[in-house]
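Chemist: First, the structure itself, so that you have it in front of you.
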Amino acid sequence: LFVDEATLTGETYPAEKSASVVSATASLNQRTNSLFMGTHVVSGHATVVIVQIGKDTEFGRIAGHVMLRQPETEFERGVRRFGYLLLEVTLLLVFAIFAINVYLHRPVLDSFLFSMALAVGLTPQLLPAIISVNLSHGAKRMAQQKVIVKRLHSIENFGAMNVLCSDKTGTLTEGTMRFRVALNLEGTASERVLFHGALNATYETGFINPLDEAIRTQCVRDLSAYRKLDEVPYDFLRKRLSILAATPSTHLLITKGAVEPMLTVCTSAELPDGSTVAMESRIEQIRQQFQDMNRQGLRTLGLAIRDMGETAHIGKEQEAEMTFLGLLVFADPVKPNMAQTIASLRQLGVSLKIITGDHHLVAAHVSQQVGMDHQRLLTGPDLRLMTDEALSQRVNDIDVFAEVEPNQKDRIILALKRSGNVVGYIGDGINDAPALHSADVGISVESAVDVAKDAADIVLLEKNLSVLIQGVREGRTTFSNTLKYVFMATSANFGNMFSMAGASLFLSFLPLLPKQILLTNLLTDIPEMTIATDSVDPELIDRPRRWDIAFIRKFMLTFGLVSSVFDYLTFGALLWILDAS
């Protein structure tokens with residue numbers, strides 16, 4: 001039985017299933033005795049016992065998580081803290097001015113209206129409009145870079161993002177198996193091994209698998225002199241596939257399959273010069289070759305042949321006393337310029353972390369290819385033994401998370417957020433939905449499943465990290481322009497209100513009527529809406545930036561008080577030089 005579990009594990013190659021005992025702590029892709037809702041059978045048959053239904057299934061747990069309220073993002077947290085700052089300053093100023101005016105026996109109603117006008121005047125009323133205009137303008141620019149923004153506020157998080165988590169398959173790699181090389185016993189490329197591999201793959205009629213497809217499309221050979229006679233399909237017990245082909249001189253049995261099962265049916269091995277030696281003398285060399293390929297993140301098949309004479313039909317029992325030819329090697333290659341793209345993200349202050357369900361050796365090799373530290377790796381089984389607190393302590397020091405399950409992706413994202421990071425996550429499967437939901441900015445691709453696109457904030461029209469680079473710059477440009485308005489509006493408003501409040505203490509009349517204060521604010525806010533199209537200095541884009549409430553408060557007080565000095569000089573000139581009433 002073979003099952004496509006890509007929706008849950010991200011693995012494109014069908015998973016083998018059998019009736020067996022599996023450890024209770026086994027990861028999702030190691031549960032070879034379990035079938036999961038949402039996956040589908042590629043070939044074979046089985047009798048199954050249903051043990052979980054609905055929300056209790058792995059699929060159901062993912063759906064339940066996506067329905068939870070989305071965690072507060074970094075931008076939302078910044079706006080909330082900025083609101084608290086305005087509230088503190090406003091309350092302090094309003095109560096102080098109202099109390100002093102009442103103490104000086106001013107009319108209570110006038111004093112109250114003046115205090116309220118100051119409160120309204122201190123608030124940057126057009127902040128929501130400015131943010132919306134900025135974000136809309138940013139979204140338009142990002143769309144030109146093939147980055148579609150679904151939720152406007154995610155642009156700010158995109159710019160503040162300092163950690164990007166990504167799957168391996170299809171994002172860093174091309175996501176399709178490619179034939180790499182056919183090796184003989186000496187580990188060198190062999191046309192003879194490749195020809196027999198192409199012969200087997202071309203005449204194979206079992207279930208479609210990526211490895212045979214790779215051979216058929218990339219290793220086209222003239223097979224007109226050969227004719228298929230019989231076939232023994234692949235099954236999970238033998239882990240082999242055999243073809244009987246009629247050659248110009250004899251009938252030849254060609255078998256390929258997993259390396260270890262292939263070694264058990266071979267009694268001899270063919271050397272590059274065509275001579276054969278006993279299998280025992282070469283078996284360790286073949287195993288070493290196979291393990292070296294594994295460490296490089298490659299998938300490997302063994303290939304063997306047997307002269308069947310005039311035999312026209314074959315069965316499983318004929319897979320014996322075979323001659324081992326060599327190895328067929330496949331790879332899911334890393335996308336071109338991926339190392340350069342990751343380096344560019346690093347220059348922008350965004351560190352990449354790989355989160356994949358793949359074997360840790362494969363993940364380590366890919367991370368090494370793209371210029372990451374493959375030694376800083378944590379596996380899903382190790383992750384399961386860690387508490388959330390321990391994970392939060394270690395998560396910043398890990399670059400590669402391998403053999404992880406869907407719910408563990410979510411744990412990693414939340415641990416990164418608890419460690420003070422603004423986290424982006426890029427994913428395209430159902431298994432990515434919880435992590436997309438929890439991240440500060442969820443990123444999906446146009447070809448993703450509907451659940452992933454629905455959970456994402458941003459959708460890429462190309463599944464390539466390089467399109468993110470310009471998107472990050474646009475996000476930071478938008479955020480910088482939003483902060484320009486915040487700095488100008490808060491400092492100018494605070495200065496004006498401080499001036500009005502101070503002047504009201506030594507004047508016998510209110511210096512500005514409430515409606516005049518509101519009109520002044522409106523007239524100064526409208527031109528500031530053009531900030532959305534303003535240029536931004538390069539140093540404001542070269543690293544992630546967040547809401548810095550302490551700096552906003554310092555800026556507001558410093559420049560607000562400086563502007564008040566000029567206000568008071570103007571009041572003095574009006575009163576004592578021009579004798580204004």
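Residue numbers start at 1 in each chain; chains themselves are named A, B, ... in the order of the structure tokens; ligands are numbered from 1 in the order shown.
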If you count only C-alpha atoms, which residues fall within 8 Å of His251 of chain A, apart from same-chain ones fewer than 6 positions away, as a list in words?
Modeler: Leu244, Ala245, Asp307, Met308, Gly309, Glu310, Thr311 and Ala312 of chain A
Chemist: Please dump the current selection as a compact mmCIF listing (two decimals), in the first residue's frame; keep N, CA, C and O atoms.
Modeler:
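Listed below is the output, out-v4.txt:
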```txt
# COMPACT_ATOMS: atom_id res chain seq x y z
N LEU A 244 11.30 -8.09 -17.64
CA LEU A 244 11.94 -9.07 -18.52
C LEU A 244 11.88 -8.51 -19.94
O LEU A 244 10.80 -8.26 -20.47
N ALA A 245 13.05 -8.28 -20.52
CA ALA A 245 13.13 -7.69 -21.86
C ALA A 245 13.83 -8.63 -22.82
O ALA A 245 14.82 -9.29 -22.46
N ASP A 307 20.71 -13.02 -16.85
CA ASP A 307 20.42 -13.62 -18.15
C ASP A 307 19.42 -14.76 -17.94
O ASP A 307 19.73 -15.74 -17.25
N MET A 308 18.24 -14.64 -18.56
CA MET A 308 17.18 -15.63 -18.36
C MET A 308 17.07 -16.62 -19.54
O MET A 308 16.14 -17.43 -19.59
N GLY A 309 18.00 -16.54 -20.50
CA GLY A 309 17.96 -17.49 -21.63
C GLY A 309 16.71 -17.31 -22.46
O GLY A 309 16.43 -16.24 -23.00
N GLU A 310 15.92 -18.40 -22.59
CA GLU A 310 14.71 -18.38 -23.40
C GLU A 310 13.43 -18.18 -22.58
O GLU A 310 12.33 -18.23 -23.13
N THR A 311 13.57 -17.97 -21.26
CA THR A 311 12.41 -17.81 -20.38
C THR A 311 11.56 -16.62 -20.82
O THR A 311 12.08 -15.51 -21.01
N ALA A 312 10.24 -16.84 -20.96
CA ALA A 312 9.36 -15.78 -21.47
C ALA A 312 8.51 -15.13 -20.37
O ALA A 312 7.88 -14.10 -20.59
```
Chemist: Name all residues at most 12 Å from Thr73 of chain A (count only C-alpha atoms; drop same-chain ones fewer than 3 positions away) and give them as a PyMOL selection string.
Modeler: chain A and resi 69-70+76-80+153-158+160-161+414+417-418+420-424+437-442+457+546-547
Chemist: Tell me which protein, DNA and RNA residues are within 8 Å of Asn496 of chain A, counting only C-alpha atoms, leaving out same-chain ones fewer than 3 positions away, and put them as a ChimeraX atom specification.
Modeler: /A:492-493,499-500,560,563-564,567
Chemist: Atom CA of Ile97 of chain A to atom CA of Thr123 of chain A: how many Å, to one decimal?
Modeler: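 Those two atoms sit 16.3 Å apart.
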Chemist: Would you kindly return, as a VMD selection string, each protein, DNA or RNA residue with an atom no farther than 12 Å from any atom of segment 378-390 of chain A, considering only C-alpha atoms and excluding same-chain residues fewer than 6 positions away?
Modeler: chain A and resid 23 to 30 353 to 361 363 to 364 396 to 419
Chemist: So that I can check the secondary structure, give me every residue of segment 135-363 of chain A assigned helix (DSSP H, G or I) by backbone DSSP, as number ranges by chain.
Modeler: A: 135-144, 154-160, 191-203, 210-218, 259-264, 279-281, 283-295, 316-318, 338-347, 360-363
Chemist: Please give the complete set of residues from segment 400-447 of chain A that DSSP, run on the backbone, assigns to strand (DSSP E or B), formatted as an mmCIF file with all heavy atoms, in the first residue's frame.
Modeler:
```cif
data_model
loop_
_atom_site.group_PDB
_atom_site.id
_atom_site.type_symbol
_atom_site.label_atom_id
_atom_site.label_comp_id
_atom_site.auth_asym_id
_atom_site.auth_seq_id
_atom_site.Cartn_x
_atom_site.Cartn_y
_atom_site.Cartn_z
ATOM 1 N N VAL A 400 18.221 24.665 11.521
ATOM 2 C CA VAL A 400 17.497 23.639 10.768
ATOM 3 C C VAL A 400 16.689 22.759 11.720
ATOM 4 O O VAL A 400 17.232 22.195 12.675
ATOM 5 C CB VAL A 400 18.470 22.745 9.959
ATOM 6 C CG1 VAL A 400 17.689 21.735 9.126
ATOM 7 C CG2 VAL A 400 19.367 23.589 9.067
ATOM 8 N N PHE A 401 15.393 22.671 11.466
ATOM 9 C CA PHE A 401 14.506 21.772 12.207
ATOM 10 C C PHE A 401 14.072 20.683 11.224
ATOM 11 O O PHE A 401 13.393 20.981 10.238
ATOM 12 C CB PHE A 401 13.293 22.514 12.756
ATOM 13 C CG PHE A 401 13.632 23.604 13.736
ATOM 14 C CD1 PHE A 401 13.927 24.891 13.297
ATOM 15 C CD2 PHE A 401 13.674 23.344 15.097
ATOM 16 C CE1 PHE A 401 14.241 25.898 14.189
ATOM 17 C CE2 PHE A 401 13.989 24.341 16.002
ATOM 18 C CZ PHE A 401 14.279 25.615 15.559
ATOM 19 N N ALA A 402 14.465 19.426 11.484
ATOM 20 C CA ALA A 402 14.180 18.334 10.557
ATOM 21 C C ALA A 402 13.268 17.294 11.201
ATOM 22 O O ALA A 402 13.185 17.203 12.429
ATOM 23 C CB ALA A 402 15.484 17.686 10.106
ATOM 24 N N VAL A 423 8.316 37.074 13.373
ATOM 25 C CA VAL A 423 8.506 35.840 12.612
ATOM 26 C C VAL A 423 7.612 35.784 11.375
ATOM 27 O O VAL A 423 6.409 36.020 11.447
ATOM 28 C CB VAL A 423 8.212 34.605 13.504
ATOM 29 C CG1 VAL A 423 8.543 33.309 12.749
ATOM 30 C CG2 VAL A 423 9.007 34.677 14.798
ATOM 31 N N GLY A 424 8.233 35.452 10.247
ATOM 32 C CA GLY A 424 7.499 35.157 9.027
ATOM 33 C C GLY A 424 7.578 33.670 8.754
ATOM 34 O O GLY A 424 8.580 33.026 9.098
ATOM 35 N N TYR A 425 6.526 33.108 8.154
ATOM 36 C CA TYR A 425 6.541 31.685 7.811
ATOM 37 C C TYR A 425 6.000 31.514 6.409
ATOM 38 O O TYR A 425 4.945 32.057 6.067
ATOM 39 C CB TYR A 425 5.701 30.871 8.794
ATOM 40 C CG TYR A 425 5.709 29.386 8.489
ATOM 41 C CD1 TYR A 425 6.763 28.586 8.916
ATOM 42 C CD2 TYR A 425 4.706 28.797 7.727
ATOM 43 C CE1 TYR A 425 6.807 27.235 8.606
ATOM 44 C CE2 TYR A 425 4.738 27.448 7.411
ATOM 45 C CZ TYR A 425 5.790 26.669 7.852
ATOM 46 O OH TYR A 425 5.826 25.334 7.533
ATOM 47 N N ILE A 426 6.729 30.758 5.573
ATOM 48 C CA ILE A 426 6.277 30.511 4.217
ATOM 49 C C ILE A 426 5.951 29.027 4.064
ATOM 50 O O ILE A 426 6.765 28.167 4.406
ATOM 51 C CB ILE A 426 7.337 30.962 3.182
ATOM 52 C CG1 ILE A 426 6.847 30.685 1.751
ATOM 53 C CG2 ILE A 426 8.693 30.327 3.417
ATOM 54 C CD1 ILE A 426 7.698 31.350 0.677
ATOM 55 N N VAL A 441 3.699 37.208 10.206
ATOM 56 C CA VAL A 441 3.323 37.361 8.804
ATOM 57 C C VAL A 441 3.375 35.987 8.134
ATOM 58 O O VAL A 441 4.433 35.380 8.018
ATOM 59 C CB VAL A 441 4.225 38.403 8.072
ATOM 60 C CG1 VAL A 441 5.696 38.131 8.274
ATOM 61 C CG2 VAL A 441 3.889 38.472 6.597
ATOM 62 N N GLY A 442 2.202 35.484 7.745
ATOM 63 C CA GLY A 442 2.100 34.203 7.065
ATOM 64 C C GLY A 442 2.207 34.416 5.561
ATOM 65 O O GLY A 442 1.500 35.248 4.990
ATOM 66 N N ILE A 443 3.095 33.662 4.916
ATOM 67 C CA ILE A 443 3.358 33.835 3.485
ATOM 68 C C ILE A 443 3.061 32.524 2.771
ATOM 69 O O ILE A 443 3.561 31.465 3.173
ATOM 70 C CB ILE A 443 4.829 34.242 3.235
ATOM 71 C CG1 ILE A 443 5.192 35.474 4.077
ATOM 72 C CG2 ILE A 443 5.073 34.513 1.765
ATOM 73 C CD1 ILE A 443 6.683 35.694 4.225
ATOM 74 N N SER A 444 2.250 32.579 1.740
ATOM 75 C CA SER A 444 1.963 31.385 0.952
ATOM 76 C C SER A 444 2.243 31.694 -0.516
ATOM 77 O O SER A 444 2.717 32.781 -0.855
ATOM 78 C CB SER A 444 0.515 30.931 1.154
ATOM 79 O OG SER A 444 0.320 29.648 0.626
ATOM 80 N N VAL A 445 1.976 30.711 -1.369
ATOM 81 C CA VAL A 445 2.234 30.892 -2.801
ATOM 82 C C VAL A 445 0.957 30.632 -3.597
ATOM 83 O O VAL A 445 0.019 30.005 -3.108
ATOM 84 C CB VAL A 445 3.362 29.951 -3.287
ATOM 85 C CG1 VAL A 445 4.686 30.353 -2.712
ATOM 86 C CG2 VAL A 445 3.040 28.502 -2.953
#
```
